[in-house]
>>> print(open('final_31.pdb').read())   # PDB, C-alpha atoms, pLDDT in the B column
ATOM      1  CA  MET A1483       0.000   0.000   0.000  1.00 72.00           C
ATOM      2  CA  ASP A1484       1.350   3.379  -1.016  1.00 84.00           C
ATOM      3  CA  ILE A1485       0.760   5.608   2.014  1.00 86.00           C
ATOM      4  CA  LYS A1486       1.706   8.729   0.027  1.00 86.00           C
ATOM      5  CA  LYS A1487      -1.601   8.714  -1.827  1.00 91.00           C
ATOM      6  CA  TYR A1488      -3.302   9.241   1.557  1.00 93.00           C
ATOM      7  CA  LYS A1489      -1.109  12.213   2.462  1.00 94.00           C
ATOM      8  CA  GLY A1490      -3.968  14.712   1.961  1.00 93.00           C
ATOM      9  CA  LEU A1491      -6.266  12.744   4.271  1.00 95.00           C
ATOM     10  CA  ILE A1492      -3.499  12.311   6.851  1.00 96.00           C
ATOM     11  CA  THR A1493      -2.870  16.066   6.710  1.00 96.00           C
ATOM     12  CA  ILE A1494      -6.557  16.839   7.301  1.00 96.00           C
ATOM     13  CA  VAL A1495      -6.782  14.363  10.202  1.00 97.00           C
ATOM     14  CA  THR A1496      -3.604  15.799  11.742  1.00 97.00           C
ATOM     15  CA  MET A1497      -5.079  19.285  11.407  1.00 97.00           C
ATOM     16  CA  PHE A1498      -8.322  18.136  13.082  1.00 97.00           C
ATOM     17  CA  ILE A1499      -6.421  16.677  16.038  1.00 97.00           C
ATOM     18  CA  ALA A1500      -4.120  19.695  16.373  1.00 97.00           C
ATOM     19  CA  PHE A1501      -6.933  22.269  16.154  1.00 96.00           C
ATOM     20  CA  SER A1502      -9.069  20.284  18.631  1.00 96.00           C
ATOM     21  CA  ILE A1503      -6.237  20.261  21.168  1.00 95.00           C
ATOM     22  CA  ILE A1504      -5.267  23.895  20.510  1.00 94.00           C
ATOM     23  CA  GLY A1505      -8.917  24.903  21.090  1.00 92.00           C
ATOM     24  CA  TRP A1506      -9.001  22.977  24.359  1.00 91.00           C
ATOM     25  CA  ILE A1507      -5.767  24.663  25.508  1.00 92.00           C
ATOM     26  CA  TRP A1508      -7.173  28.061  24.520  1.00 88.00           C
ATOM     27  CA  GLU A1509     -10.308  27.464  26.616  1.00 84.00           C
ATOM     28  CA  LEU A1510      -8.172  26.430  29.617  1.00 83.00           C
ATOM     29  CA  LEU A1511      -6.009  29.525  29.260  1.00 84.00           C
ATOM     30  CA  TYR A1512      -9.062  31.762  28.950  1.00 80.00           C
ATOM     31  CA  ASP A1513     -10.550  30.288  32.136  1.00 76.00           C
ATOM     32  CA  PHE A1514      -7.329  30.772  34.009  1.00 77.00           C
ATOM     33  CA  LEU A1515      -6.967  34.390  32.933  1.00 77.00           C
ATOM     34  CA  LYS A1516     -10.654  35.301  33.449  1.00 74.00           C
ATOM     35  CA  HIS A1517     -11.581  33.222  36.512  1.00 69.00           C
ATOM     36  CA  GLY A1518      -8.322  32.074  38.091  1.00 71.00           C
ATOM     37  CA  PHE A1519      -8.966  28.354  37.605  1.00 71.00           C
ATOM     38  CA  ILE A1520      -9.260  25.876  34.777  1.00 73.00           C
ATOM     39  CA  ALA A1521     -12.054  23.554  33.698  1.00 76.00           C
ATOM     40  CA  ASN A1522     -12.726  21.240  30.780  1.00 77.00           C
ATOM     41  CA  HIS A1523     -15.497  22.902  28.752  1.00 75.00           C
ATOM     42  CA  GLY A1524     -15.920  20.254  26.122  1.00 78.00           C
ATOM     43  CA  VAL A1525     -18.881  17.951  25.816  1.00 80.00           C
ATOM     44  CA  LEU A1526     -16.195  15.259  25.590  1.00 89.00           C
ATOM     45  CA  HIS A1527     -14.009  14.310  28.529  1.00 89.00           C
ATOM     46  CA  GLY A1528     -10.574  14.367  26.895  1.00 91.00           C
ATOM     47  CA  PRO A1529      -8.247  17.288  26.160  1.00 92.00           C
ATOM     48  CA  TRP A1530      -9.844  18.176  22.838  1.00 93.00           C
ATOM     49  CA  LEU A1531     -12.702  20.245  21.527  1.00 91.00           C
ATOM     50  CA  PRO A1532     -13.791  18.802  18.165  1.00 91.00           C
ATOM     51  CA  ILE A1533     -15.695  21.983  17.291  1.00 85.00           C
ATOM     52  CA  TYR A1534     -12.301  23.700  16.979  1.00 91.00           C
ATOM     53  CA  GLY A1535     -11.004  20.769  14.935  1.00 94.00           C
ATOM     54  CA  PHE A1536     -13.898  20.835  12.480  1.00 91.00           C
ATOM     55  CA  GLY A1537     -13.847  24.625  12.389  1.00 90.00           C
ATOM     56  CA  GLY A1538     -10.121  24.716  11.642  1.00 94.00           C
ATOM     57  CA  ILE A1539     -10.433  22.181   8.837  1.00 95.00           C
ATOM     58  CA  ILE A1540     -13.363  23.974   7.246  1.00 93.00           C
ATOM     59  CA  ILE A1541     -11.621  27.347   7.535  1.00 95.00           C
ATOM     60  CA  TYR A1542      -8.586  25.819   5.838  1.00 96.00           C
ATOM     61  CA  LEU A1543     -10.642  24.175   3.074  1.00 95.00           C
ATOM     62  CA  LEU A1544     -12.740  27.285   2.409  1.00 95.00           C
ATOM     63  CA  LEU A1545     -10.282  30.113   2.998  1.00 96.00           C
ATOM     64  CA  ASN A1546      -6.760  28.871   2.251  1.00 96.00           C
ATOM     65  CA  ARG A1547      -7.255  29.850  -1.405  1.00 96.00           C
ATOM     66  CA  PHE A1548      -7.621  33.462  -0.198  1.00 97.00           C
ATOM     67  CA  ARG A1549      -4.391  33.441   1.840  1.00 95.00           C
ATOM     68  CA  LYS A1550      -3.106  36.445  -0.120  1.00 96.00           C
ATOM     69  CA  HIS A1551      -6.110  38.440   1.157  1.00 97.00           C
ATOM     70  CA  SER A1552      -5.999  38.439   4.950  1.00 97.00           C
ATOM     71  CA  LEU A1553      -9.164  40.570   5.251  1.00 97.00           C
ATOM     72  CA  ILE A1554     -11.155  37.875   3.411  1.00 97.00           C
ATOM     73  CA  VAL A1555      -9.651  35.211   5.697  1.00 97.00           C
ATOM     74  CA  PHE A1556     -10.547  37.286   8.769  1.00 98.00           C
ATOM     75  CA  MET A1557     -14.118  38.062   7.661  1.00 97.00           C
ATOM     76  CA  GLY A1558     -14.760  34.531   6.399  1.00 96.00           C
ATOM     77  CA  SER A1559     -13.615  33.069   9.720  1.00 96.00           C
ATOM     78  CA  PHE A1560     -15.594  35.698  11.648  1.00 97.00           C
ATOM     79  CA  VAL A1561     -18.854  34.862   9.832  1.00 96.00           C
ATOM     80  CA  PHE A1562     -18.426  31.094   9.480  1.00 93.00           C
ATOM     81  CA  CYS A1563     -17.357  30.423  13.077  1.00 92.00           C
ATOM     82  CA  THR A1564     -20.053  32.712  14.475  1.00 94.00           C
ATOM     83  CA  ILE A1565     -22.709  30.730  12.604  1.00 94.00           C
ATOM     84  CA  ILE A1566     -21.199  27.427  13.760  1.00 90.00           C
ATOM     85  CA  GLU A1567     -21.049  28.585  17.387  1.00 90.00           C
ATOM     86  CA  TYR A1568     -24.652  29.785  17.325  1.00 94.00           C
ATOM     87  CA  CYS A1569     -25.912  26.549  15.748  1.00 93.00           C
ATOM     88  CA  THR A1570     -23.860  24.394  18.119  1.00 88.00           C
ATOM     89  CA  GLY A1571     -25.152  26.314  21.137  1.00 89.00           C
ATOM     90  CA  TRP A1572     -28.725  25.952  19.924  1.00 92.00           C
ATOM     91  CA  PHE A1573     -28.244  22.206  19.299  1.00 90.00           C
ATOM     92  CA  LEU A1574     -26.710  21.560  22.729  1.00 84.00           C
ATOM     93  CA  GLU A1575     -29.438  23.516  24.498  1.00 85.00           C
ATOM     94  CA  THR A1576     -32.252  21.927  22.481  1.00 87.00           C
ATOM     95  CA  TYR A1577     -31.104  18.309  22.370  1.00 84.00           C
ATOM     96  CA  ARG A1578     -28.627  17.967  25.256  1.00 74.00           C
ATOM     97  CA  PHE A1579     -30.557  20.270  27.633  1.00 75.00           C
ATOM     98  CA  ASN A1580     -27.368  22.046  28.681  1.00 76.00           C
ATOM     99  CA  LYS A1581     -25.746  25.362  27.950  1.00 78.00           C
ATOM    100  CA  TRP A1582     -21.967  24.973  27.803  1.00 71.00           C
ATOM    101  CA  TRP A1583     -21.315  28.723  27.359  1.00 80.00           C
ATOM    102  CA  ASN A1584     -23.265  31.903  27.859  1.00 86.00           C
ATOM    103  CA  TYR A1585     -22.433  35.347  26.498  1.00 89.00           C
ATOM    104  CA  LYS A1586     -25.568  37.042  27.839  1.00 90.00           C
ATOM    105  CA  TYR A1587     -23.496  39.411  29.968  1.00 88.00           C
ATOM    106  CA  MET A1588     -21.287  40.360  27.023  1.00 89.00           C
ATOM    107  CA  PRO A1589     -22.125  43.342  24.811  1.00 92.00           C
ATOM    108  CA  PHE A1590     -23.552  42.667  21.359  1.00 94.00           C
ATOM    109  CA  ASN A1591     -24.690  39.101  22.085  1.00 93.00           C
ATOM    110  CA  LEU A1592     -27.450  37.085  20.452  1.00 92.00           C
ATOM    111  CA  ASP A1593     -29.369  34.745  22.781  1.00 90.00           C
ATOM    112  CA  GLY A1594     -26.186  34.396  24.850  1.00 90.00           C
ATOM    113  CA  ARG A1595     -24.888  31.955  22.213  1.00 91.00           C
ATOM    114  CA  ILE A1596     -22.642  34.377  20.313  1.00 93.00           C
ATOM    115  CA  CYS A1597     -21.164  37.818  20.915  1.00 95.00           C
ATOM    116  CA  LEU A1598     -19.071  40.320  19.016  1.00 95.00           C
ATOM    117  CA  LEU A1599     -15.897  39.756  21.057  1.00 93.00           C
ATOM    118  CA  ALA A1600     -15.980  35.985  20.457  1.00 92.00           C
ATOM    119  CA  SER A1601     -16.608  36.569  16.750  1.00 95.00           C
ATOM    120  CA  ILE A1602     -13.579  38.864  16.553  1.00 96.00           C
ATOM    121  CA  PHE A1603     -11.568  36.141  18.275  1.00 92.00           C
ATOM    122  CA  PHE A1604     -12.797  33.677  15.617  1.00 94.00           C
ATOM    123  CA  GLY A1605     -11.609  36.015  12.872  1.00 96.00           C
ATOM    124  CA  ILE A1606      -8.179  36.232  14.489  1.00 96.00           C
ATOM    125  CA  SER A1607      -8.162  32.457  14.972  1.00 94.00           C
ATOM    126  CA  GLY A1608      -8.856  32.006  11.264  1.00 96.00           C
ATOM    127  CA  LEU A1609      -5.803  34.127  10.498  1.00 97.00           C
ATOM    128  CA  ALA A1610      -3.733  31.973  12.895  1.00 96.00           C
ATOM    129  CA  CYS A1611      -5.130  28.827  11.270  1.00 96.00           C
ATOM    130  CA  ILE A1612      -4.143  29.878   7.750  1.00 97.00           C
ATOM    131  CA  TYR A1613      -0.880  31.716   8.423  1.00 97.00           C
ATOM    132  CA  ILE A1614       0.608  30.012  11.506  1.00 96.00           C
ATOM    133  CA  PHE A1615      -0.768  26.584  12.390  1.00 96.00           C
ATOM    134  CA  THR A1616      -1.472  25.033   8.977  1.00 96.00           C
ATOM    135  CA  PRO A1617       2.015  25.721   7.585  1.00 96.00           C
ATOM    136  CA  ARG A1618       3.575  24.241  10.740  1.00 96.00           C
ATOM    137  CA  ILE A1619       1.375  21.144  10.569  1.00 96.00           C
ATOM    138  CA  LYS A1620       2.340  20.640   6.930  1.00 96.00           C
ATOM    139  CA  ASP A1621       6.028  21.095   7.815  1.00 96.00           C
ATOM    140  CA  PHE A1622       5.646  18.530  10.605  1.00 95.00           C
ATOM    141  CA  ILE A1623       4.183  16.000   8.173  1.00 95.00           C
ATOM    142  CA  GLU A1624       6.949  16.673   5.628  1.00 94.00           C
ATOM    143  CA  LYS A1625       9.698  16.159   8.236  1.00 96.00           C
ATOM    144  CA  HIS A1626       8.351  12.898   9.698  1.00 95.00           C
ATOM    145  CA  ASP A1627       7.695   9.410   8.421  1.00 94.00           C
ATOM    146  CA  LEU A1628       4.184   9.470   6.949  1.00 95.00           C
ATOM    147  CA  LYS A1629       3.408   5.956   8.239  1.00 95.00           C
ATOM    148  CA  LYS A1630       4.263   6.992  11.797  1.00 95.00           C
ATOM    149  CA  VAL A1631       2.141  10.133  11.478  1.00 96.00           C
ATOM    150  CA  ALA A1632      -0.745   7.995  10.162  1.00 96.00           C
ATOM    151  CA  ILE A1633      -0.436   5.601  13.128  1.00 96.00           C
ATOM    152  CA  ILE A1634      -0.408   8.485  15.611  1.00 96.00           C
ATOM    153  CA  CYS A1635      -3.493   9.948  13.883  1.00 96.00           C
ATOM    154  CA  LEU A1636      -5.261   6.582  14.023  1.00 96.00           C
ATOM    155  CA  VAL A1637      -4.552   6.268  17.754  1.00 97.00           C
ATOM    156  CA  PHE A1638      -5.814   9.797  18.461  1.00 96.00           C
ATOM    157  CA  VAL A1639      -8.918   9.400  16.288  1.00 96.00           C
ATOM    158  CA  SER A1640      -9.716   6.077  18.011  1.00 97.00           C
ATOM    159  CA  ILE A1641      -9.417   7.626  21.473  1.00 97.00           C
ATOM    160  CA  ILE A1642     -11.525  10.623  20.449  1.00 96.00           C
ATOM    161  CA  ALA A1643     -14.156   8.283  18.927  1.00 96.00           C
ATOM    162  CA  ILE A1644     -14.334   6.263  22.168  1.00 97.00           C
ATOM    163  CA  ASP A1645     -14.623   9.501  24.158  1.00 95.00           C
ATOM    164  CA  TRP A1646     -17.342  10.703  21.763  1.00 93.00           C
ATOM    165  CA  GLY A1647     -19.294   7.459  22.158  1.00 94.00           C
ATOM    166  CA  TYR A1648     -19.036   7.580  25.945  1.00 94.00           C
ATOM    167  CA  SER A1649     -19.865  11.294  26.052  1.00 90.00           C
ATOM    168  CA  THR A1650     -22.999  10.763  23.976  1.00 87.00           C
ATOM    169  CA  LYS A1651     -24.507   9.053  27.012  1.00 87.00           C
ATOM    170  CA  TYR A1652     -22.453  10.768  29.733  1.00 87.00           C
ATOM    171  CA  PRO A1653     -21.499  14.276  28.527  1.00 83.00           C
ATOM    172  CA  ASN A1654     -18.895  16.264  30.387  1.00 82.00           C
ATOM    173  CA  ILE A1655     -20.547  18.928  32.490  1.00 75.00           C
ATOM    174  CA  VAL A1656     -18.315  21.715  33.763  1.00 65.00           C
ATOM    175  CA  LYS A1657     -18.452  21.456  37.535  1.00 53.00           C
ATOM    176  CA  LYS A1658     -16.083  24.277  38.423  1.00 49.00           C
ATOM    177  CA  TYR A1659     -18.720  26.886  37.613  1.00 44.00           C
ATOM    178  CA  LYS A1660     -21.813  27.685  39.563  1.00 40.00           C
ATOM    179  CA  VAL A1661     -24.667  25.780  37.943  1.00 36.00           C
ATOM    180  CA  ILE A1662     -28.018  27.543  37.784  1.00 37.00           C
ATOM    181  CA  ASP A1663     -30.992  25.235  37.324  1.00 40.00           C
ATOM    182  CA  ALA A1664     -33.408  26.706  34.784  1.00 38.00           C
ATOM    183  CA  SER A1665     -36.212  24.160  34.254  1.00 40.00           C
ATOM    184  CA  LYS A1666     -34.956  21.783  31.544  1.00 38.00           C
ATOM    185  CA  VAL A1667     -31.837  23.698  30.604  1.00 39.00           C
ATOM    186  CA  ASN A1668     -28.908  23.761  33.035  1.00 44.00           C
ATOM    187  CA  GLU A1669     -27.039  26.995  32.470  1.00 45.00           C
ATOM    188  CA  ILE A1670     -23.337  26.859  33.204  1.00 45.00           C
ATOM    189  CA  LYS A1671     -22.332  30.373  34.101  1.00 45.00           C
ATOM    190  CA  LEU A1672     -19.123  31.391  32.314  1.00 46.00           C
ATOM    191  CA  PHE A1673     -19.008  35.091  33.015  1.00 44.00           C
ATOM    192  CA  LYS A1674     -19.309  36.885  36.316  1.00 41.00           C
ATOM    193  CA  ASN A1675     -22.060  39.442  36.779  1.00 38.00           C
TER
END
>>> encode(input="final_31.pdb", output="structure tokens")
Amino acid sequence: MDIKKYKGLITIVTMFIAFSIIGWIWELLYDFLKHGFIANHGVLHGPWLPIYGFGGIIIYLLLNRFRKHSLIVFMGSFVFCTIIEYCTGWFLETYRFNKWWNYKYMPFNLDGRICLLASIFFGISGLACIYIFTPRIKDFIEKHDLKKVAIICLVFVSIIAIDWGYSTKYPNIVKKYKVIDASKVNEIKLFKN
């Protein structure tokens, strides 16, 4: 089997894993800076947030062709990620009966699911995805044995899949934050009044 013909797929899977972990680290750092402690915000239990992984891949697939136009990359990321965050928040509230984040105390928010500051962050993250992280991931793949990279990806994807299966029945609920019971929806308070 010629592993080189799967290089594109291996690159995408590596990007998914890297962006999922980078997103998780970002959330931990944000908690530490804002609240003075850390907590795992993901629906999953492991150190990854697949929404960042999928978002990073889609940003790359949609916007890498515009890499010479950073304003398009910024605005595309701003709009796309804002829509994804709103839809994900709605889905989790509607079908998982939990609210994993709440921007209702932030200016320019919509239903507490999105806010202007987070959207600006998404635009900046899109720039980092295209200009910083993706080139480094590609360099990593070029410098290492593709079979070994594929095995590492397979191990990570298997662990994430197991976590996803487990978390479907037993989702991670952030316990570090004060939980406010609101009928069917448990609101996890992320921002202080």
>>> closest_residue(input="final_31.pdb", among="A:Ile1566, A:Ile1504, A:Ile1520, A:Val1525", to="Trp1582 (chain A)", atoms="all atoms listed in the file")
A:Val1525
>>> resolve_selection(input="final_31.pdb", expression="the PyMOL selection byres ((chain A and resi 1500) around 12)", output="tab-separated table (two decimals) with C-alpha atoms, keeping the file's coordinate frame")
chain	number	residue	atom	x	y	z
A	1493	THR	CA	-2.87	16.07	6.71
A	1494	ILE	CA	-6.56	16.84	7.30
A	1495	VAL	CA	-6.78	14.36	10.20
A	1496	THR	CA	-3.60	15.80	11.74
A	1497	MET	CA	-5.08	19.28	11.41
A	1498	PHE	CA	-8.32	18.14	13.08
A	1499	ILE	CA	-6.42	16.68	16.04
A	1501	PHE	CA	-6.93	22.27	16.15
A	1502	SER	CA	-9.07	20.28	18.63
A	1503	ILE	CA	-6.24	20.26	21.17
A	1504	ILE	CA	-5.27	23.90	20.51
A	1505	GLY	CA	-8.92	24.90	21.09
A	1506	TRP	CA	-9.00	22.98	24.36
A	1507	ILE	CA	-5.77	24.66	25.51
A	1529	PRO	CA	-8.25	17.29	26.16
A	1530	TRP	CA	-9.84	18.18	22.84
A	1531	LEU	CA	-12.70	20.24	21.53
A	1532	PRO	CA	-13.79	18.80	18.16
A	1533	ILE	CA	-15.70	21.98	17.29
A	1534	TYR	CA	-12.30	23.70	16.98
A	1535	GLY	CA	-11.00	20.77	14.94
A	1536	PHE	CA	-13.90	20.84	12.48
A	1537	GLY	CA	-13.85	24.62	12.39
A	1538	GLY	CA	-10.12	24.72	11.64
A	1539	ILE	CA	-10.43	22.18	8.84
A	1611	CYS	CA	-5.13	28.83	11.27
A	1615	PHE	CA	-0.77	26.58	12.39
A	1616	THR	CA	-1.47	25.03	8.98
A	1618	ARG	CA	3.58	24.24	10.74
A	1619	ILE	CA	1.38	21.14	10.57
A	1620	LYS	CA	2.34	20.64	6.93
A	1622	PHE	CA	5.65	18.53	10.60
A	1634	ILE	CA	-0.41	8.48	15.61
A	1635	CYS	CA	-3.49	9.95	13.88
A	1638	PHE	CA	-5.81	9.80	18.46
A	1639	VAL	CA	-8.92	9.40	16.29
>>> residues_near_point(input="final_31.pdb", point="(-12.2, 23.4, 32.5)", cutoff="6 Å", atoms="only C-alpha atoms", output="NGL selection string")
:A and (1510 or 1520-1523)
>>> resolve_selection(input="final_31.pdb", expression="the PyMOL selection byres ((chain A and resi 1612) around 9)", output="list of chain:residue names")
A:Gly1538, A:Ile1541, A:Tyr1542, A:Leu1545, A:Asn1546, A:Arg1549, A:Val1555, A:Ser1607, A:Gly1608, A:Leu1609, A:Ala1610, A:Cys1611, A:Tyr1613, A:Ile1614, A:Phe1615, A:Thr1616, A:Pro1617
>>> atom_distance(input="final_31.pdb", atom1="CA of Trp1508 (chain A)", atom2="CA of Ile1623 (chain A)")
23.3 Å
>>> closest_residue(input="final_31.pdb", among="A:Ser1640, A:Ser1601, A:Asn1580, A:Asn1591", to="Thr1564 (chain A)", atoms="all atoms listed in the file")
A:Ser1601
>>> resolve_selection(input="final_31.pdb", expression="the PyMOL selection byres ((chain A and resi 1561) around 12)", output="PyMOL selection string")
chain A and resi 1537+1541+1545+1554-1560+1562-1568+1596-1598+1600-1606+1608
>>> residues_around(input="final_31.pdb", residues="Leu1599 (chain A)", least_positions_apart="6", cutoff="9 Å", atoms="all atoms listed in the file", output="list in words")
Met1588, Pro1589, Phe1590 and Asn1591 of chain A
>>> write_last_selection(input="final_31.pdb", atoms="C-alpha atoms", output="PDB file, keeping the file's coordinate frame")
ATOM      1  CA  MET A1588     -21.287  40.360  27.023  1.00 89.00           C
ATOM      2  CA  PRO A1589     -22.125  43.342  24.811  1.00 92.00           C
ATOM      3  CA  PHE A1590     -23.552  42.667  21.359  1.00 94.00           C
ATOM      4  CA  ASN A1591     -24.690  39.101  22.085  1.00 93.00           C
TER       5      ASN A1591
END
>>> atom_distance(input="final_31.pdb", atom1="CA of Glu1624 (chain A)", atom2="CA of Gly1490 (chain A)")
11.7 Å
>>> atom_distance(input="final_31.pdb", atom1="CA of Gly1594 (chain A)", atom2="CA of Gly1571 (chain A)")
9.0 Å
>>> closest_residue(input="final_31.pdb", among="A:Asn1584, A:Ile1492, A:Glu1509, A:Gly1524", to="Asp1645 (chain A)", atoms="only C-alpha atoms")
A:Gly1524
>>> axis_aligned_box(input="final_31.pdb", around="region 1505-1514 of chain A", padding_each_side="5 Å", output="AutoDock Vina command-line options")
--center_x -8.2 --center_y 27.4 --center_z 27.5 --size_x 14.8 --size_y 18.8 --size_z 22.9
>>> build_atoms(input="final_31.pdb", residues="region 1574-1591 of chain A", atoms="N, CA and C atoms", output="mmCIF file, in the coordinates of the input")
data_model
loop_
_atom_site.group_PDB
_atom_site.id
_atom_site.type_symbol
_atom_site.label_atom_id
_atom_site.label_comp_id
_atom_site.auth_asym_id
_atom_site.auth_seq_id
_atom_site.Cartn_x
_atom_site.Cartn_y
_atom_site.Cartn_z
ATOM 1 N N LEU A 1574 -26.989 22.085 21.392
ATOM 2 C CA LEU A 1574 -26.710 21.560 22.729
ATOM 3 C C LEU A 1574 -27.824 21.914 23.710
ATOM 4 N N GLU A 1575 -28.345 23.122 23.612
ATOM 5 C CA GLU A 1575 -29.438 23.516 24.498
ATOM 6 C C GLU A 1575 -30.715 22.744 24.187
ATOM 7 N N THR A 1576 -31.000 22.547 22.907
ATOM 8 C CA THR A 1576 -32.252 21.927 22.481
ATOM 9 C C THR A 1576 -32.245 20.415 22.679
ATOM 10 N N TYR A 1577 -31.131 19.772 22.368
ATOM 11 C CA TYR A 1577 -31.104 18.309 22.370
ATOM 12 C C TYR A 1577 -30.292 17.704 23.507
ATOM 13 N N ARG A 1578 -29.403 18.485 24.127
ATOM 14 C CA ARG A 1578 -28.627 17.967 25.256
ATOM 15 C C ARG A 1578 -29.071 18.621 26.565
ATOM 16 N N PHE A 1579 -29.981 19.572 26.481
ATOM 17 C CA PHE A 1579 -30.557 20.270 27.633
ATOM 18 C C PHE A 1579 -29.494 20.893 28.535
ATOM 19 N N ASN A 1580 -28.422 21.371 27.935
ATOM 20 C CA ASN A 1580 -27.368 22.046 28.681
ATOM 21 C C ASN A 1580 -26.863 23.231 27.871
ATOM 22 N N LYS A 1581 -26.338 24.194 28.585
ATOM 23 C CA LYS A 1581 -25.746 25.362 27.950
ATOM 24 C C LYS A 1581 -24.285 25.391 28.385
ATOM 25 N N TRP A 1582 -23.379 25.083 27.465
ATOM 26 C CA TRP A 1582 -21.967 24.973 27.803
ATOM 27 C C TRP A 1582 -21.279 26.338 27.840
ATOM 28 N N TRP A 1583 -21.854 27.363 27.268
ATOM 29 C CA TRP A 1583 -21.315 28.723 27.359
ATOM 30 C C TRP A 1583 -22.469 29.700 27.314
ATOM 31 N N ASN A 1584 -22.217 30.894 27.824
ATOM 32 C CA ASN A 1584 -23.265 31.903 27.859
ATOM 33 C C ASN A 1584 -22.634 33.294 27.776
ATOM 34 N N TYR A 1585 -22.955 33.998 26.711
ATOM 35 C CA TYR A 1585 -22.433 35.347 26.498
ATOM 36 C C TYR A 1585 -23.462 36.416 26.870
ATOM 37 N N LYS A 1586 -24.495 36.074 27.618
ATOM 38 C CA LYS A 1586 -25.568 37.042 27.839
ATOM 39 C C LYS A 1586 -25.114 38.296 28.578
ATOM 40 N N TYR A 1587 -23.991 38.219 29.277
ATOM 41 C CA TYR A 1587 -23.496 39.411 29.968
ATOM 42 C C TYR A 1587 -22.499 40.192 29.121
ATOM 43 N N MET A 1588 -22.234 39.700 27.920
ATOM 44 C CA MET A 1588 -21.287 40.360 27.023
ATOM 45 C C MET A 1588 -22.056 41.321 26.109
ATOM 46 N N PRO A 1589 -21.441 42.438 25.745
ATOM 47 C CA PRO A 1589 -22.125 43.342 24.811
ATOM 48 C C PRO A 1589 -22.252 42.712 23.428
ATOM 49 N N PHE A 1590 -23.295 43.122 22.726
ATOM 50 C CA PHE A 1590 -23.552 42.667 21.359
ATOM 51 C C PHE A 1590 -23.637 41.147 21.273
ATOM 52 N N ASN A 1591 -24.495 40.551 22.131
ATOM 53 C CA ASN A 1591 -24.690 39.101 22.085
ATOM 54 C C ASN A 1591 -26.046 38.783 21.481
#
